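To keep things clear, I will list the structure first and then write my remarks on it.
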2 protein chains.
Amino acid sequence: MRPLMHPSVDDITVEGIMHALSDPLRVQIFLGIAYAQCAQTCSTYLEISEQAIPKSTLSQHFKALRESGLIRSERKGVEIHNSSRCEEIDQRFPGLISAIIDAHKIQSERKRVLERRKKLKAAA
Amino acid sequence: MRPLMHPSVDDITVEGIMHALSDPLRVQIFLGIAYAQCAQTCSTYLEISEQAIPKSTLSQHFKALRESGLIRSERKGVEIHNSSRCEEIDQRFPGLISAIIDAHKIQSERKRVLERRKKLKAAA
DNA sequence: TTCAATAGTTCGTAAAACATGAACTATTGA
DNA sequence: TCAATAGTTCATGTTTTACGAACTATTGAA
């Protein structure tokens with residue numbers, strides 16, 4: 001098994017970040033890691049949504065996040081601990097990650113509101 | 001030929017924007033349109049880099065930008081004028097687009113510096 | 001009007017990227 | 001040494017993307 005590859009901060013690209021965060025599942029994973037006070041493992045996300053995510057798929061998504069430079073993965077015994085590289089990225093691209101995180105907050109808040117509204121309408 | 005489809009501001013998603021801007025050529029086109037004081041046409045970009053970009057490819061890229069909500073395309077006679085939807089997007093996701101644009105400025109400035117350094121080194 | 005020129009779209013297909021089950025590897029604890 | 005756990009890698013079917021060729025829309029001139 002080859003060692004986990006991480007790009008140096010200088011090799012992180014905007015396009016790479018955009019691509020990594022263009023997949024809904026990957027964003028969800030990344031936000032989970034970014035918000036988490038403790039490092040997250042791959043298995044944390046085995047049932048992130050209604051249906052189970054195959055672990056090979058999860059593994060690929062973690063790899064994509066890692067190779068874009070968004071997360072750091074370190075083996076801790078039998079599992080791999082993932083943490084965000086937000087601070088490093090913020091040094092290189094100030095405000096980028098937080099703007100994306102804020103946009104996601106707005107988007108998911110609006111989604112919640114719309115769903116509640118829909119439910120009320122259906123009940124009426 | 002079906003009419004040009006534009007999502008309403010409320011249907012613009014962060015993932016959609018990320019995806020649209022995850023391609024280097026598309027970012028270049030988008031930045032060109034965002035910076036431009038006048039609306040840009042598809043043909044403006046036929047030779048954006050060293051080699052010519054096939055126009056069917058360009059057309060698809062413009063379509064991707066349009067359907068992500070990043071640009072507005074309007075037929076003006078024989079050509080189609082493209083302009084950015086930055087203001088609208090900024091209403092929905094304040095600061096997102098400008099953070100991405102700033103990050104690109106940093107990235108391309110750094111690239112320029114590295115290339116100059118390399119050239120000087122080669123000359124020495 | 002018809003026709004050529006210009007600007008861009010759409011279609012078909014070949015190439016690249018993705019998703020996932022099955023098999024494999026690494027680490028730990030019994 | 002071996003079973004259990006956590007994750008990776010491989011093989012393959014599916015989806016997305018790139019681009020040449022053919023098509024459509026608009027204009028301006030004959």
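Letters A, B, ... go to the chains of the structure tokens in the order shown; residues in each chain start at 1; ligands are counted from 1 in the same order.
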
Can you tell me which residues surround C:DA22 at a distance of at most 12 Å, considering only C-alpha atoms (C1' of nucleotides), apart from same-chain residues fewer than 2 positions away, and format the answer as an MDAnalysis selection string? (chainID A and resid 56) or (chainID C and resid 20 24) or (chainID D and resid 9:12)

Give me the residues near C:DA7 as a PyMOL selection string, where near means some atom within 8 Å (using only C-alpha atoms (C1' of nucleotides)) and where sequence neighbours in that chain fewer than 5 positions away do not count. chain B and resi 43+78-80

Atoms to include: C-alpha atoms. Write the selected residues as a PDB file, in the first residue's frame.
```
ATOM      1  CA  SER B  43     -15.189  33.606 -30.664  1.00  0.00           C
ATOM      2  CA  VAL B  78     -25.278  36.892 -35.379  1.00  0.00           C
ATOM      3  CA  GLU B  79     -23.286  36.558 -32.199  1.00  0.00           C
ATOM      4  CA  ILE B  80     -24.029  35.820 -28.562  1.00  0.00           C
TER       5      ILE B  80
END
```

Per residue of chain D within 9 Å of chain A, which atom pair is closest and at what distance in Å (one decimal), using only C-alpha atoms (C1' of nucleotides), listed by chain and increasing number, as a Markdown table?
```
| residue | atom | partner | partner_atom | distance |
| --- | --- | --- | --- | --- |
| D:DT5 | C1' | A:Val78 | CA | 7.0 |
| D:DA6 | C1' | A:Glu79 | CA | 5.3 |
| D:DG7 | C1' | A:Ser59 | CA | 7.1 |
| D:DT8 | C1' | A:Met1 | CA | 6.9 |
| D:DT9 | C1' | A:Met1 | CA | 8.2 |
```

File dump, residues just selected, N, CA and C atoms (P, O5', C5', C4', C3', O3' and C1' of nucleotides), as an mmCIF file, in the first residue's frame:
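Writing done, so here's again12.cif:
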```cif
data_model
loop_
_atom_site.group_PDB
_atom_site.id
_atom_site.type_symbol
_atom_site.label_atom_id
_atom_site.label_comp_id
_atom_site.auth_asym_id
_atom_site.auth_seq_id
_atom_site.Cartn_x
_atom_site.Cartn_y
_atom_site.Cartn_z
ATOM 1 P P DT D 5 -14.900 -6.788 13.957
ATOM 2 O "O5'" DT D 5 -13.998 -5.535 13.555
ATOM 3 C "C5'" DT D 5 -13.087 -5.000 14.514
ATOM 4 C "C4'" DT D 5 -12.281 -3.918 13.859
ATOM 5 C "C3'" DT D 5 -13.101 -3.012 12.931
ATOM 6 O "O3'" DT D 5 -12.797 -1.662 13.252
ATOM 7 C "C1'" DT D 5 -11.198 -3.825 11.805
ATOM 8 P P DA D 6 -13.534 -0.455 12.485
ATOM 9 O "O5'" DA D 6 -12.442 -0.043 11.414
ATOM 10 C "C5'" DA D 6 -11.194 0.481 11.867
ATOM 11 C "C4'" DA D 6 -10.417 0.980 10.688
ATOM 12 C "C3'" DA D 6 -11.269 1.754 9.685
ATOM 13 O "O3'" DA D 6 -10.567 2.934 9.302
ATOM 14 C "C1'" DA D 6 -10.188 -0.046 8.607
ATOM 15 P P DG D 7 -11.274 4.044 8.409
ATOM 16 O "O5'" DG D 7 -10.599 3.705 7.029
ATOM 17 C "C5'" DG D 7 -9.160 3.802 6.978
ATOM 18 C "C4'" DG D 7 -8.660 3.033 5.803
ATOM 19 C "C3'" DG D 7 -9.095 3.586 4.454
ATOM 20 O "O3'" DG D 7 -7.983 4.260 3.884
ATOM 21 C "C1'" DG D 7 -9.014 1.207 4.526
ATOM 22 P P DT D 8 -7.921 4.786 2.399
ATOM 23 O "O5'" DT D 8 -7.304 3.566 1.578
ATOM 24 C "C5'" DT D 8 -5.982 3.130 1.878
ATOM 25 C "C4'" DT D 8 -5.546 2.092 0.865
ATOM 26 C "C3'" DT D 8 -5.537 2.576 -0.579
ATOM 27 O "O3'" DT D 8 -4.292 2.167 -1.124
ATOM 28 C "C1'" DT D 8 -6.835 0.601 -0.394
ATOM 29 P P DT D 9 -3.846 2.652 -2.590
ATOM 30 O "O5'" DT D 9 -4.250 1.430 -3.534
ATOM 31 C "C5'" DT D 9 -3.692 0.148 -3.264
ATOM 32 C "C4'" DT D 9 -4.304 -0.884 -4.200
ATOM 33 C "C3'" DT D 9 -4.381 -0.449 -5.674
ATOM 34 O "O3'" DT D 9 -3.920 -1.551 -6.446
ATOM 35 C "C1'" DT D 9 -6.478 -1.211 -4.957
#
```

May I have all residues of stretch 8-123 of chain A that DSSP, computed from the backbone, assigns to alpha helix (DSSP H), given as a VMD selection string? chain A and resid 14 to 20 24 to 35 55 to 68 86 to 92 96 to 123

Using only C-alpha atoms (C1' of nucleotides), which chain C residues lie at most 7 Å away from chain A, written as JSON, numbers by chain? {"C": [19, 20, 25, 27, 28]}

Please write the residues from the selection above to a file, keeping N, CA and C atoms (P, O5', C5', C4', C3', O3' and C1' of nucleotides), as a PDB file, in the first residue's frame.
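Output below, filename out02.pdb:
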```
ATOM      1  P    DA C  19     -18.006   9.214  -8.325  1.00  0.00           P
ATOM      2  O5'  DA C  19     -18.489   7.754  -8.713  1.00  0.00           O
ATOM      3  C5'  DA C  19     -19.790   7.562  -9.256  1.00  0.00           C
ATOM      4  C4'  DA C  19     -20.191   6.102  -9.069  1.00  0.00           C
ATOM      5  C3'  DA C  19     -20.177   5.628  -7.616  1.00  0.00           C
ATOM      6  O3'  DA C  19     -21.359   4.852  -7.419  1.00  0.00           O
ATOM      7  C1'  DA C  19     -18.675   4.297  -8.919  1.00  0.00           C
ATOM      8  P    DT C  20     -21.702   4.224  -5.975  1.00  0.00           P
ATOM      9  O5'  DT C  20     -21.093   2.756  -6.068  1.00  0.00           O
ATOM     10  C5'  DT C  20     -21.566   1.885  -7.083  1.00  0.00           C
ATOM     11  C4'  DT C  20     -20.805   0.571  -7.031  1.00  0.00           C
ATOM     12  C3'  DT C  20     -20.544   0.045  -5.616  1.00  0.00           C
ATOM     13  O3'  DT C  20     -20.787  -1.348  -5.625  1.00  0.00           O
ATOM     14  C1'  DT C  20     -18.570   0.065  -6.815  1.00  0.00           C
ATOM     15  P    DT C  25      -1.790  -8.259  -0.882  1.00  0.00           P
ATOM     16  O5'  DT C  25      -1.873  -7.009   0.094  1.00  0.00           O
ATOM     17  C5'  DT C  25      -1.832  -5.695  -0.436  1.00  0.00           C
ATOM     18  C4'  DT C  25      -1.815  -4.722   0.730  1.00  0.00           C
ATOM     19  C3'  DT C  25      -0.826  -5.082   1.834  1.00  0.00           C
ATOM     20  O3'  DT C  25      -0.174  -3.885   2.198  1.00  0.00           O
ATOM     21  C1'  DT C  25      -2.986  -4.832   2.741  1.00  0.00           C
ATOM     22  P    DT C  27       1.221  -0.601   8.989  1.00  0.00           P
ATOM     23  O5'  DT C  27       0.283  -0.922  10.233  1.00  0.00           O
ATOM     24  C5'  DT C  27      -0.813  -0.057  10.505  1.00  0.00           C
ATOM     25  C4'  DT C  27      -1.671  -0.683  11.581  1.00  0.00           C
ATOM     26  C3'  DT C  27      -0.903  -1.123  12.822  1.00  0.00           C
ATOM     27  O3'  DT C  27      -1.338  -0.306  13.895  1.00  0.00           O
ATOM     28  C1'  DT C  27      -2.512  -2.728  12.150  1.00  0.00           C
ATOM     29  P    DT C  28      -0.671  -0.435  15.372  1.00  0.00           P
ATOM     30  O5'  DT C  28      -1.757  -1.352  16.085  1.00  0.00           O
ATOM     31  C5'  DT C  28      -3.129  -0.937  16.066  1.00  0.00           C
ATOM     32  C4'  DT C  28      -3.995  -2.058  16.632  1.00  0.00           C
ATOM     33  C3'  DT C  28      -3.521  -2.594  17.983  1.00  0.00           C
ATOM     34  O3'  DT C  28      -4.593  -2.471  18.901  1.00  0.00           O
ATOM     35  C1'  DT C  28      -4.026  -4.360  16.491  1.00  0.00           C
TER      36       DT C  28
END
```

Write out as a JSON list (two decimals) with N, CA and C atoms (P, O5', C5', C4', C3', O3' and C1' of nucleotides), in the first residue's frame each polymer residue whose atoms come within 12 Å of A:Asp23, counting only C-alpha atoms (C1' of nucleotides); drop sequence neighbours fewer than 6 positions from it.
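Written out: around33.json:
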```
[["chain", "number", "residue", "atom", "x", "y", "z"],
["A", 17, "ILE", "N", -9.21, 22.69, -5.70],
["A", 17, "ILE", "CA", -10.16, 22.88, -4.60],
["A", 17, "ILE", "C", -11.59, 22.87, -5.14],
["A", 29, "ILE", "N", -18.55, 15.65, 3.39],
["A", 29, "ILE", "CA", -17.44, 15.07, 4.15],
["A", 29, "ILE", "C", -16.49, 16.18, 4.60],
["A", 30, "PHE", "N", -16.14, 17.05, 3.66],
["A", 30, "PHE", "CA", -15.19, 18.11, 3.99],
["A", 30, "PHE", "C", -15.73, 19.02, 5.08],
["A", 61, "HIS", "N", -13.22, 9.20, -2.39],
["A", 61, "HIS", "CA", -13.56, 10.59, -2.09],
["A", 61, "HIS", "C", -12.55, 11.20, -1.10],
["A", 62, "PHE", "N", -12.16, 10.41, -0.11],
["A", 62, "PHE", "CA", -11.15, 10.91, 0.83],
["A", 62, "PHE", "C", -9.84, 11.17, 0.09],
["A", 64, "ALA", "N", -9.52, 12.02, -3.03],
["A", 64, "ALA", "CA", -9.68, 13.24, -3.82],
["A", 64, "ALA", "C", -9.50, 14.48, -2.94],
["A", 65, "LEU", "N", -10.11, 14.45, -1.75],
["A", 65, "LEU", "CA", -9.98, 15.59, -0.84],
["A", 65, "LEU", "C", -8.53, 15.76, -0.41],
["B", 13, "THR", "N", -26.39, 26.69, -7.41],
["B", 13, "THR", "CA", -25.85, 25.96, -6.25],
["B", 13, "THR", "C", -24.35, 26.18, -6.13],
["B", 14, "VAL", "N", -23.87, 26.02, -4.92],
["B", 14, "VAL", "CA", -22.43, 26.15, -4.68],
["B", 14, "VAL", "C", -21.68, 25.05, -5.45],
["B", 15, "GLU", "N", -22.19, 23.83, -5.39],
["B", 15, "GLU", "CA", -21.55, 22.73, -6.12],
["B", 15, "GLU", "C", -21.48, 23.03, -7.61],
["B", 16, "GLY", "N", -22.57, 23.58, -8.14],
["B", 16, "GLY", "CA", -22.61, 23.93, -9.55],
["B", 16, "GLY", "C", -21.54, 24.94, -9.91],
["B", 17, "ILE", "N", -21.38, 25.94, -9.08],
["B", 17, "ILE", "CA", -20.35, 26.95, -9.30],
["B", 17, "ILE", "C", -18.96, 26.32, -9.22],
["B", 18, "MET", "N", -18.77, 25.49, -8.19],
["B", 18, "MET", "CA", -17.48, 24.81, -8.03],
["B", 18, "MET", "C", -17.15, 23.97, -9.26],
["B", 19, "HIS", "N", -18.15, 23.23, -9.72],
["B", 19, "HIS", "CA", -17.91, 22.38, -10.89],
["B", 19, "HIS", "C", -17.54, 23.21, -12.11],
["B", 20, "ALA", "N", -18.32, 24.26, -12.35],
["B", 20, "ALA", "CA", -18.06, 25.10, -13.51],
["B", 20, "ALA", "C", -16.65, 25.68, -13.47],
["B", 22, "SER", "N", -14.03, 24.38, -12.01],
["B", 22, "SER", "CA", -12.99, 23.39, -11.75],
["B", 22, "SER", "C", -12.19, 23.08, -13.01],
["C", 18, "DC", "P", -13.23, 12.44, -11.75],
["C", 18, "DC", "O5'", -14.40, 11.44, -11.35],
["C", 18, "DC", "C5'", -15.13, 10.84, -12.32],
["C", 18, "DC", "C4'", -16.37, 10.19, -11.78],
["C", 18, "DC", "C3'", -16.31, 9.77, -10.31],
["C", 18, "DC", "O3'", -17.63, 9.83, -9.77],
["C", 18, "DC", "C1'", -16.30, 7.84, -11.72]]
```

Residues of chain A within 12 Å of chain B, using only C-alpha atoms, as a PyMOL selection string? chain A and resi 9-28+68+89-111+114

Interatomic distance between atom CA of A:Asn82 and atom C1' of D:DT16?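 About the pair atom CA of A:Asn82 and atom C1' of D:DT16: they are 29.3 Å apart.
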
For C:DA26, the nearest of the candidates A:Pro3, A:Tyr35, A:Ser84, A:Glu67, counting only C-alpha atoms (C1' of nucleotides):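 Going through A:Pro3, A:Tyr35, A:Ser84, A:Glu67 one by one, the smallest distance to C:DA26 is for A:Pro3.
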